[in-house]
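**Student:** Below is the file protein18.txt, which contains compact mmCIF, C-alpha atoms.
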# COMPACT_ATOMS: atom_id res chain seq x y z
CA MET A 3 -21.60 -4.77 -12.65
CA ALA A 4 -20.76 -7.39 -10.02
CA GLY A 5 -17.71 -6.84 -7.86
CA PHE A 6 -14.92 -9.28 -7.13
CA ARG A 7 -16.48 -10.69 -3.97
CA ALA A 8 -19.88 -11.25 -5.60
CA LEU A 9 -18.20 -13.03 -8.50
CA ALA A 10 -16.17 -15.17 -6.08
CA ARG A 11 -19.41 -16.26 -4.41
CA GLU A 12 -20.75 -17.30 -7.81
CA VAL A 13 -17.62 -19.37 -8.45
CA ARG A 14 -18.18 -21.18 -5.14
CA ASN A 15 -21.90 -21.75 -5.64
CA PRO A 16 -22.34 -25.51 -6.32
CA ARG A 17 -25.89 -24.91 -7.60
CA ARG A 18 -24.63 -22.97 -10.60
CA HIS A 19 -23.60 -24.74 -13.81
CA ILE A 20 -19.85 -25.32 -13.98
CA THR A 21 -19.60 -23.27 -17.19
CA ALA A 22 -21.18 -20.27 -15.45
CA ARG A 23 -18.82 -20.71 -12.49
CA ARG A 24 -15.86 -20.70 -14.88
CA THR A 25 -17.18 -17.53 -16.50
CA SER A 26 -17.42 -15.87 -13.08
CA LEU A 27 -13.80 -16.75 -12.37
CA ARG A 28 -12.75 -15.20 -15.68
CA LYS A 29 -14.73 -12.07 -14.74
CA CYS A 30 -12.81 -11.93 -11.45
CA LEU A 31 -9.74 -11.28 -13.59
CA GLU A 32 -11.37 -8.13 -14.93
CA ARG A 33 -11.10 -6.81 -11.35
CA PHE A 34 -7.73 -8.27 -10.34
CA ALA A 35 -5.12 -9.70 -12.72
CA PRO A 36 -1.50 -9.06 -11.65
CA TYR A 37 0.01 -10.43 -14.88
CA GLY A 38 -2.74 -9.11 -17.12
CA HIS A 39 -5.94 -11.02 -17.90
CA ARG A 40 -4.62 -13.71 -20.25
CA ALA A 41 -1.35 -14.41 -18.44
CA THR A 42 -3.04 -14.53 -15.02
CA TRP A 43 -5.65 -16.94 -16.38
CA HIS A 44 -2.95 -19.17 -17.86
CA HIS A 45 -1.03 -19.07 -14.57
CA LEU A 46 -4.08 -20.05 -12.49
CA CYS A 47 -5.01 -22.85 -14.90
CA THR A 48 -1.47 -24.23 -14.90
CA ARG A 49 -1.25 -24.30 -11.11
CA SER A 50 -4.74 -25.71 -10.54
CA GLY A 51 -4.71 -28.36 -13.26
CA ILE A 52 -7.32 -26.70 -15.47
CA THR A 53 -7.05 -26.68 -19.24
CA PRO A 54 -7.43 -23.00 -20.22
CA GLU A 55 -9.89 -23.77 -23.03
CA ASP A 56 -11.97 -26.29 -21.05
CA ARG A 57 -15.52 -24.92 -20.71
CA ARG A 58 -16.42 -27.53 -18.07
CA PRO A 59 -13.40 -27.71 -15.79
CA ASP A 60 -13.12 -29.68 -12.59
CA PRO A 61 -14.92 -27.72 -9.80
CA LEU A 62 -12.06 -28.38 -7.37
CA GLY A 63 -9.62 -26.85 -9.85
CA LEU A 64 -11.79 -23.73 -10.10
CA LEU A 65 -11.85 -23.36 -6.32
CA THR A 66 -8.09 -23.86 -6.10
CA ALA A 67 -7.55 -21.14 -8.69
CA LEU A 68 -9.96 -18.78 -6.94
CA GLU A 69 -8.27 -19.27 -3.57
CA GLU A 70 -4.88 -18.41 -5.02
CA LEU A 71 -6.32 -15.31 -6.69
CA GLU A 72 -8.07 -14.21 -3.50
CA GLU A 73 -4.91 -14.66 -1.43
CA ALA A 74 -2.96 -12.44 -3.80
CA ARG A 75 -5.73 -9.85 -3.96
CA THR A 76 -5.97 -9.63 -0.17
CA LEU A 77 -2.22 -9.09 0.05
CA TRP A 78 -2.23 -6.41 -2.65
CA LEU A 79 -5.21 -4.50 -1.25
CA ALA A 80 -3.52 -4.42 2.17
CA TYR A 81 -0.42 -2.99 0.53
CA GLU A 82 -2.49 -0.39 -1.29
CA ALA A 83 -4.18 0.62 1.97
CA ASP A 84 -0.75 1.11 3.57
CA PHE A 85 0.39 3.02 0.50
CA ALA A 86 -2.62 5.36 0.66
CA ALA A 87 -2.07 5.98 4.38
CA ARG A 88 1.60 6.78 3.79
CA ARG A 89 0.83 9.19 0.96
CA ARG A 90 -1.73 11.03 3.12
CA GLN A 91 0.87 11.41 5.84
CA GLU A 92 3.50 12.62 3.37
CA LYS A 93 1.11 15.24 2.00
CA LEU A 94 0.48 16.49 5.53
CA LEU A 95 4.24 16.89 5.85
CA GLY A 96 4.38 18.85 2.58
CA ILE A 97 5.71 16.02 0.37
CA ARG A 98 3.41 16.45 -2.62
CA GLN A 99 5.43 14.83 -5.39
CA PRO A 100 5.25 11.01 -5.42
CA SER A 101 8.42 9.01 -6.04
CA ALA A 102 9.01 7.16 -9.31
CA VAL A 103 7.88 3.91 -7.67
CA ASP A 104 4.77 5.60 -6.26
CA ASP A 105 3.95 7.08 -9.66
CA TRP A 106 4.23 3.63 -11.28
CA HIS A 107 2.14 2.11 -8.50
CA LEU A 108 -0.69 4.58 -9.07
CA ARG A 109 -0.92 3.31 -12.67
CA THR A 110 -1.56 -0.22 -11.38
CA TRP A 111 -4.11 0.77 -8.74
CA GLY A 112 -6.63 -1.97 -8.08
CA GLY A 113 -4.41 -4.82 -9.21
CA SER A 114 -4.54 -4.94 -12.99
CA ASP A 115 -1.29 -5.38 -14.93
CA ILE A 116 0.83 -4.94 -11.81
CA ILE A 117 3.66 -6.86 -13.47
CA PRO A 118 2.51 -7.75 -16.98
CA CYS A 119 4.11 -10.66 -18.81
CA GLU A 120 5.57 -10.53 -22.28
CA SER A 121 3.65 -13.66 -23.27
CA PRO A 122 0.41 -15.05 -21.76
CA SER A 123 2.05 -18.48 -21.47
CA THR A 124 5.29 -17.29 -19.84
CA HIS A 125 5.01 -16.17 -16.23
CA PRO A 126 6.49 -16.89 -12.79
CA ASP A 127 5.80 -20.40 -11.47
CA ASP A 128 5.26 -19.46 -7.81
CA ARG A 129 1.99 -18.54 -6.15
CA LEU A 130 0.74 -15.07 -7.03
CA ALA A 131 0.94 -13.93 -3.40
CA ASP A 132 4.59 -14.97 -3.14
CA VAL A 133 5.43 -13.08 -6.33
CA LEU A 134 3.66 -9.95 -5.08
CA ARG A 135 5.48 -10.17 -1.74
CA ARG A 136 8.79 -10.09 -3.61
CA LEU A 137 7.59 -7.17 -5.71
CA ILE A 138 6.53 -5.21 -2.64
CA ALA A 139 9.88 -5.94 -0.97
CA ALA A 140 11.65 -4.64 -4.08
CA MET A 141 9.55 -1.47 -4.07
CA GLU A 142 10.43 -0.86 -0.45
CA SER A 143 14.16 -1.59 -0.81
CA GLY A 144 14.91 0.56 -3.85
CA PRO A 145 16.22 -0.11 -7.37
CA GLY A 146 18.12 -3.35 -7.96
CA ALA A 147 20.28 -4.96 -10.60
CA ALA A 148 18.11 -8.02 -11.31
CA CYS A 149 14.52 -9.13 -11.79
CA PRO A 150 12.67 -8.41 -8.52
CA VAL A 151 10.66 -11.64 -8.83
CA CYS A 152 13.13 -14.40 -9.73
CA ILE A 153 16.28 -12.45 -8.73
CA ARG A 154 18.03 -13.35 -11.98
CA PRO A 155 20.01 -10.76 -13.99
CA GLY A 156 18.90 -11.85 -17.47
CA LEU A 157 17.05 -8.72 -18.62
CA VAL A 158 16.43 -7.95 -22.28
CA TRP A 159 15.06 -4.65 -23.58
CA ARG A 160 12.03 -5.13 -25.82
CA GLU A 161 10.47 -2.40 -27.97
CA ASP A 162 7.70 -4.50 -29.51
CA LEU A 163 5.58 -5.51 -26.52
CA ASP A 164 1.98 -6.20 -27.46
CA ARG A 165 0.59 -4.36 -24.43
CA TYR A 166 1.25 -1.41 -22.10
CA PRO A 167 4.04 -0.58 -21.72
CA SER A 168 4.98 -1.06 -25.36
CA ALA A 169 8.68 -1.15 -24.47
CA GLY A 170 10.67 -2.14 -21.43
CA PRO A 171 13.01 -4.63 -19.75
CA VAL A 172 11.76 -8.23 -19.86
CA CYS A 173 13.10 -10.96 -17.59
CA ALA A 174 14.40 -13.76 -19.82
CA ASP A 175 13.66 -16.31 -17.06
CA CYS A 176 10.21 -15.58 -15.61
CA GLY A 177 8.85 -13.42 -18.45
CA ILE A 178 7.66 -10.35 -16.54
CA VAL A 179 8.05 -6.81 -17.81
CA VAL A 180 10.03 -5.31 -14.95
CA PRO A 181 8.83 -1.88 -13.75
CA LEU A 182 11.48 0.71 -14.62
CA PRO A 183 11.69 2.28 -11.13
CA LEU A 184 12.74 -1.11 -9.68
CA LEU A 185 15.96 -1.25 -11.71
CA THR A 186 19.18 0.71 -11.39
CA THR A 187 20.42 2.85 -14.25
CA GLU A 188 23.20 0.32 -14.80
CA ALA A 189 20.72 -2.58 -15.08
CA LEU A 190 18.61 -0.66 -17.60
CA THR A 191 21.70 0.22 -19.63
CA ALA A 192 22.76 -3.44 -19.64
CA ALA A 193 19.29 -4.55 -20.79
CA ARG A 194 19.34 -2.03 -23.65
CA ARG A 195 22.82 -3.23 -24.61
CA VAL A 196 21.52 -6.80 -24.95
CA VAL A 197 18.91 -5.78 -27.53
CA ARG A 198 21.43 -3.69 -29.43
CA MET A 199 23.90 -6.58 -29.49
CA SER A 200 21.24 -9.02 -30.69
CA ARG A 201 20.25 -6.67 -33.53
CA TYR A 202 23.89 -6.24 -34.54
CA ALA A 203 24.37 -10.00 -34.58
CA THR A 204 21.52 -10.45 -37.05
CA VAL A 205 22.87 -7.94 -39.56
As structure tokens - that is how I would like this structure written.
**Tutor:**
Amino acid sequence: MAGFRALAREVRNPRRHITARRTSLRKCLERFAPYGHRATWHHLCTRSGITPEDRRPDPLGLLTALEELEEARTLWLAYEADFAARRRQEKLLGIRQPSAVDDWHLRTWGGSDIIPCESPSTHPDDRLADVLRRLIAAMESGPGAACPVCIRPGLVWREDLDRYPSAGPVCADCGIVVPLPLLTTEALTAARRVVRMSRYATV
């Protein structure tokens, strides 16, 4: 099975048919997809001017999408290397139990579903690398009261998510499923209250 770098070379190869290059880009998302495969694909297409269903997209659009994906992947892998080094040092000091954030991070190792989106067509508008920088800053600063990506407080608890996790706080603005360790107890309580209030209103 080809790795991310080999697939990226195939995307850049002008001698390959454009349909095959598109397929290689989609396969890159099997190795690194911060929002999940479908949402990351939709995000890249939106930002690069590609129609998601187009089997023969503009080659420049493919390269633009690949460059954004590579930038984000490089940033995330550097963070993971720092994370691994820190955990080794902590273990040497006798700190064996990872924190809640560390435990969540281990579940996203490699860059898949780092911050999944409730819907494939609803995701942050900014570059992937910028979104991941905000996420990393939130992980390093501790739990907050708002979405770590768009910094807005509109969180709604959902129990019917069609993915993992199957329940959690969703940002009503940018659409991400916010990792639980990045929110204060008060923020989580408020998000759960929103879903309870909405159910009561429909009775």
**Student:** For Val133 (chain A), which residue among A:Arg194, A:His107, A:Arg14, A:Arg75 is the nearest when counting only C-alpha atoms?
**Tutor:**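 Closest candidate: A:Arg75.
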**Student:** For region 10-126 of chain A versus region 169-183 of chain A, which residues have an atom no more than 12 Å away, and what is each residue's nearest atom pair and distance in Å rounded to one decimal, using all atoms listed in the file, chain-then-number order, as JSON lines?
**Tutor:**
{"residue": "A:Pro36", "atom": "CA", "partner": "A:Ile178", "partner_atom": "CA", "distance": 10.5}
{"residue": "A:Tyr37", "atom": "CA", "partner": "A:Ile178", "partner_atom": "CA", "distance": 7.8}
{"residue": "A:Gly38", "atom": "CA", "partner": "A:Ile178", "partner_atom": "CA", "distance": 10.5}
{"residue": "A:Ala41", "atom": "CA", "partner": "A:Ile178", "partner_atom": "CA", "distance": 10.1}
{"residue": "A:Thr42", "atom": "CA", "partner": "A:Ile178", "partner_atom": "CA", "distance": 11.6}
{"residue": "A:His45", "atom": "CA", "partner": "A:Cys176", "partner_atom": "CA", "distance": 11.8}
{"residue": "A:Ser101", "atom": "CA", "partner": "A:Pro183", "partner_atom": "CA", "distance": 9.0}
{"residue": "A:Ala102", "atom": "CA", "partner": "A:Pro183", "partner_atom": "CA", "distance": 5.9}
{"residue": "A:Val103", "atom": "CA", "partner": "A:Pro183", "partner_atom": "CA", "distance": 5.4}
{"residue": "A:Asp104", "atom": "CA", "partner": "A:Pro183", "partner_atom": "CA", "distance": 9.1}
{"residue": "A:Asp105", "atom": "CA", "partner": "A:Pro183", "partner_atom": "CA", "distance": 9.2}
{"residue": "A:Trp106", "atom": "CA", "partner": "A:Pro183", "partner_atom": "CA", "distance": 7.6}
{"residue": "A:His107", "atom": "CA", "partner": "A:Pro181", "partner_atom": "CA", "distance": 9.4}
{"residue": "A:Arg109", "atom": "CA", "partner": "A:Pro181", "partner_atom": "CA", "distance": 11.1}
{"residue": "A:Thr110", "atom": "CA", "partner": "A:Pro181", "partner_atom": "CA", "distance": 10.8}
{"residue": "A:Asp115", "atom": "CA", "partner": "A:Val179", "partner_atom": "CA", "distance": 9.9}
{"residue": "A:Ile116", "atom": "CA", "partner": "A:Pro181", "partner_atom": "CA", "distance": 8.8}
{"residue": "A:Ile117", "atom": "CA", "partner": "A:Ile178", "partner_atom": "CA", "distance": 6.1}
{"residue": "A:Pro118", "atom": "CA", "partner": "A:Val179", "partner_atom": "CA", "distance": 5.7}
{"residue": "A:Cys119", "atom": "CA", "partner": "A:Ile178", "partner_atom": "CA", "distance": 4.2}
{"residue": "A:Glu120", "atom": "CA", "partner": "A:Gly177", "partner_atom": "CA", "distance": 5.8}
{"residue": "A:Ser121", "atom": "CA", "partner": "A:Gly177", "partner_atom": "CA", "distance": 7.1}
{"residue": "A:Pro122", "atom": "CA", "partner": "A:Gly177", "partner_atom": "CA", "distance": 9.2}
{"residue": "A:Ser123", "atom": "CA", "partner": "A:Gly177", "partner_atom": "CA", "distance": 9.0}
{"residue": "A:Thr124", "atom": "CA", "partner": "A:Gly177", "partner_atom": "CA", "distance": 5.4}
{"residue": "A:His125", "atom": "CA", "partner": "A:Gly177", "partner_atom": "CA", "distance": 5.2}
{"residue": "A:Pro126", "atom": "CA", "partner": "A:Cys176", "partner_atom": "CA", "distance": 4.8}
**Student:** At what distance in Å, to one decimal, does CA of Phe34 (chain A) lie from CA of Gly144 (chain A)?
**Tutor:**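 That distance, rounded to one decimal, is 25.2 Å.
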**Student:** Looking at A:Arg154, A:Ala189, A:Glu73, A:Arg33, which one is nearest to Gly113 (chain A), with distances taken over only C-alpha atoms?
**Tutor:**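 Result for the nearest residue to Gly113 (chain A): A:Arg33.
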**Student:** Given all atoms listed in the file as the basis, pick out the residue of A:Glu82, A:Asp127, A:Asp162, A:Glu188 nearest to His44 (chain A).
**Tutor:** A:Asp127
**Student:** My list of candidates is A:Arg7, A:Arg135, A:Arg18, A:Arg195. Which is closest to Ala80 (chain A) when distances are computed with all atoms listed in the file?
**Tutor:**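 Among the listed residues, the smallest separation from Ala80 (chain A) belongs to A:Arg135.
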**Student:** With distances taken over only C-alpha atoms, which of A:Pro16, A:Gly112, A:Gly96, A:Pro167 is nearest to Leu64 (chain A)?
**Tutor:**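 Comparing A:Pro16, A:Gly112, A:Gly96, A:Pro167 against Leu64 (chain A), the winner is A:Pro16.
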**Student:** Any chance you could model all heavy atoms for region 90-101 of chain A and send them as an mmCIF file, keeping the file's coordinate frame?
**Tutor:**
data_model
loop_
_atom_site.group_PDB
_atom_site.id
_atom_site.type_symbol
_atom_site.label_atom_id
_atom_site.label_comp_id
_atom_site.auth_asym_id
_atom_site.auth_seq_id
_atom_site.Cartn_x
_atom_site.Cartn_y
_atom_site.Cartn_z
ATOM 1 N N ARG A 90 -0.993 9.985 2.381
ATOM 2 C CA ARG A 90 -1.730 11.030 3.120
ATOM 3 C C ARG A 90 -0.818 11.683 4.145
ATOM 4 O O ARG A 90 -0.820 12.921 4.308
ATOM 5 C CB ARG A 90 -2.959 10.428 3.804
ATOM 6 C CG ARG A 90 -4.118 10.125 2.862
ATOM 7 C CD ARG A 90 -5.400 9.859 3.619
ATOM 8 N NE ARG A 90 -5.303 8.672 4.464
ATOM 9 C CZ ARG A 90 -5.602 7.438 4.075
ATOM 10 N NH1 ARG A 90 -6.001 7.227 2.840
ATOM 11 N NH2 ARG A 90 -5.504 6.431 4.913
ATOM 12 N N GLN A 91 -0.033 10.864 4.836
ATOM 13 C CA GLN A 91 0.870 11.410 5.840
ATOM 14 C C GLN A 91 1.952 12.268 5.202
ATOM 15 O O GLN A 91 2.306 13.333 5.722
ATOM 16 C CB GLN A 91 1.518 10.257 6.633
ATOM 17 C CG GLN A 91 2.400 10.702 7.785
ATOM 18 C CD GLN A 91 1.633 11.494 8.837
ATOM 19 O OE1 GLN A 91 0.458 11.248 9.069
ATOM 20 N NE2 GLN A 91 2.292 12.449 9.467
ATOM 21 N N GLU A 92 2.468 11.835 4.060
ATOM 22 C CA GLU A 92 3.500 12.620 3.370
ATOM 23 C C GLU A 92 2.948 13.959 2.905
ATOM 24 O O GLU A 92 3.635 14.985 2.993
ATOM 25 C CB GLU A 92 4.023 11.819 2.166
ATOM 26 C CG GLU A 92 4.912 10.646 2.558
ATOM 27 C CD GLU A 92 5.334 9.805 1.368
ATOM 28 O OE1 GLU A 92 4.751 9.989 0.273
ATOM 29 O OE2 GLU A 92 6.243 8.973 1.520
ATOM 30 N N LYS A 93 1.713 13.974 2.448
ATOM 31 C CA LYS A 93 1.110 15.240 2.000
ATOM 32 C C LYS A 93 0.936 16.195 3.166
ATOM 33 O O LYS A 93 1.105 17.408 3.019
ATOM 34 C CB LYS A 93 -0.215 14.955 1.309
ATOM 35 C CG LYS A 93 -0.060 14.302 -0.059
ATOM 36 C CD LYS A 93 -1.409 13.991 -0.692
ATOM 37 C CE LYS A 93 -1.240 13.335 -2.044
ATOM 38 N NZ LYS A 93 -2.532 13.000 -2.681
ATOM 39 N N LEU A 94 0.594 15.659 4.340
ATOM 40 C CA LEU A 94 0.480 16.490 5.530
ATOM 41 C C LEU A 94 1.824 17.116 5.888
ATOM 42 O O LEU A 94 1.889 18.224 6.444
ATOM 43 C CB LEU A 94 -0.045 15.672 6.704
ATOM 44 C CG LEU A 94 -1.522 15.266 6.643
ATOM 45 C CD1 LEU A 94 -1.870 14.339 7.804
ATOM 46 C CD2 LEU A 94 -2.426 16.497 6.658
ATOM 47 N N LEU A 95 2.895 16.395 5.551
ATOM 48 C CA LEU A 95 4.240 16.890 5.850
ATOM 49 C C LEU A 95 4.785 17.765 4.706
ATOM 50 O O LEU A 95 5.931 18.208 4.764
ATOM 51 C CB LEU A 95 5.191 15.710 6.085
ATOM 52 C CG LEU A 95 4.865 14.839 7.312
ATOM 53 C CD1 LEU A 95 5.790 13.625 7.361
ATOM 54 C CD2 LEU A 95 4.987 15.656 8.589
ATOM 55 N N GLY A 96 3.966 17.978 3.678
ATOM 56 C CA GLY A 96 4.380 18.850 2.580
ATOM 57 C C GLY A 96 5.053 18.131 1.436
ATOM 58 O O GLY A 96 5.554 18.774 0.506
ATOM 59 N N ILE A 97 5.092 16.787 1.466
ATOM 60 C CA ILE A 97 5.710 16.020 0.370
ATOM 61 C C ILE A 97 4.616 15.721 -0.647
ATOM 62 O O ILE A 97 3.866 14.758 -0.512
ATOM 63 C CB ILE A 97 6.335 14.710 0.903
ATOM 64 C CG1 ILE A 97 7.338 15.020 2.026
ATOM 65 C CG2 ILE A 97 7.008 13.941 -0.229
ATOM 66 C CD1 ILE A 97 7.877 13.792 2.709
ATOM 67 N N ARG A 98 4.505 16.579 -1.662
ATOM 68 C CA ARG A 98 3.410 16.450 -2.620
ATOM 69 C C ARG A 98 3.764 15.569 -3.810
ATOM 70 O O ARG A 98 2.885 14.936 -4.380
ATOM 71 C CB ARG A 98 3.012 17.845 -3.136
ATOM 72 C CG ARG A 98 2.757 18.874 -2.055
ATOM 73 C CD ARG A 98 1.545 18.524 -1.200
ATOM 74 N NE ARG A 98 0.315 18.418 -1.966
ATOM 75 C CZ ARG A 98 -0.881 18.154 -1.430
ATOM 76 N NH1 ARG A 98 -0.989 17.926 -0.131
ATOM 77 N NH2 ARG A 98 -1.963 18.083 -2.193
ATOM 78 N N GLN A 99 5.032 15.556 -4.196
ATOM 79 C CA GLN A 99 5.430 14.830 -5.390
ATOM 80 C C GLN A 99 5.705 13.366 -5.069
ATOM 81 O O GLN A 99 6.572 13.058 -4.258
ATOM 82 C CB GLN A 99 6.693 15.459 -5.992
ATOM 83 C CG GLN A 99 7.121 14.850 -7.314
ATOM 84 C CD GLN A 99 6.117 15.112 -8.421
ATOM 85 O OE1 GLN A 99 5.482 16.168 -8.442
ATOM 86 N NE2 GLN A 99 5.965 14.169 -9.324
ATOM 87 N N PRO A 100 4.975 12.432 -5.671
ATOM 88 C CA PRO A 100 5.250 11.010 -5.420
ATOM 89 C C PRO A 100 6.572 10.586 -6.040
ATOM 90 O O PRO A 100 7.057 11.195 -6.998
ATOM 91 C CB PRO A 100 4.069 10.302 -6.093
ATOM 92 C CG PRO A 100 3.630 11.232 -7.162
ATOM 93 C CD PRO A 100 3.856 12.615 -6.609
ATOM 94 N N SER A 101 7.181 9.544 -5.488
ATOM 95 C CA SER A 101 8.420 9.010 -6.040
ATOM 96 C C SER A 101 8.127 8.285 -7.351
ATOM 97 O O SER A 101 6.966 8.074 -7.721
ATOM 98 C CB SER A 101 9.071 8.043 -5.050
ATOM 99 O OG SER A 101 8.267 6.868 -4.926
#
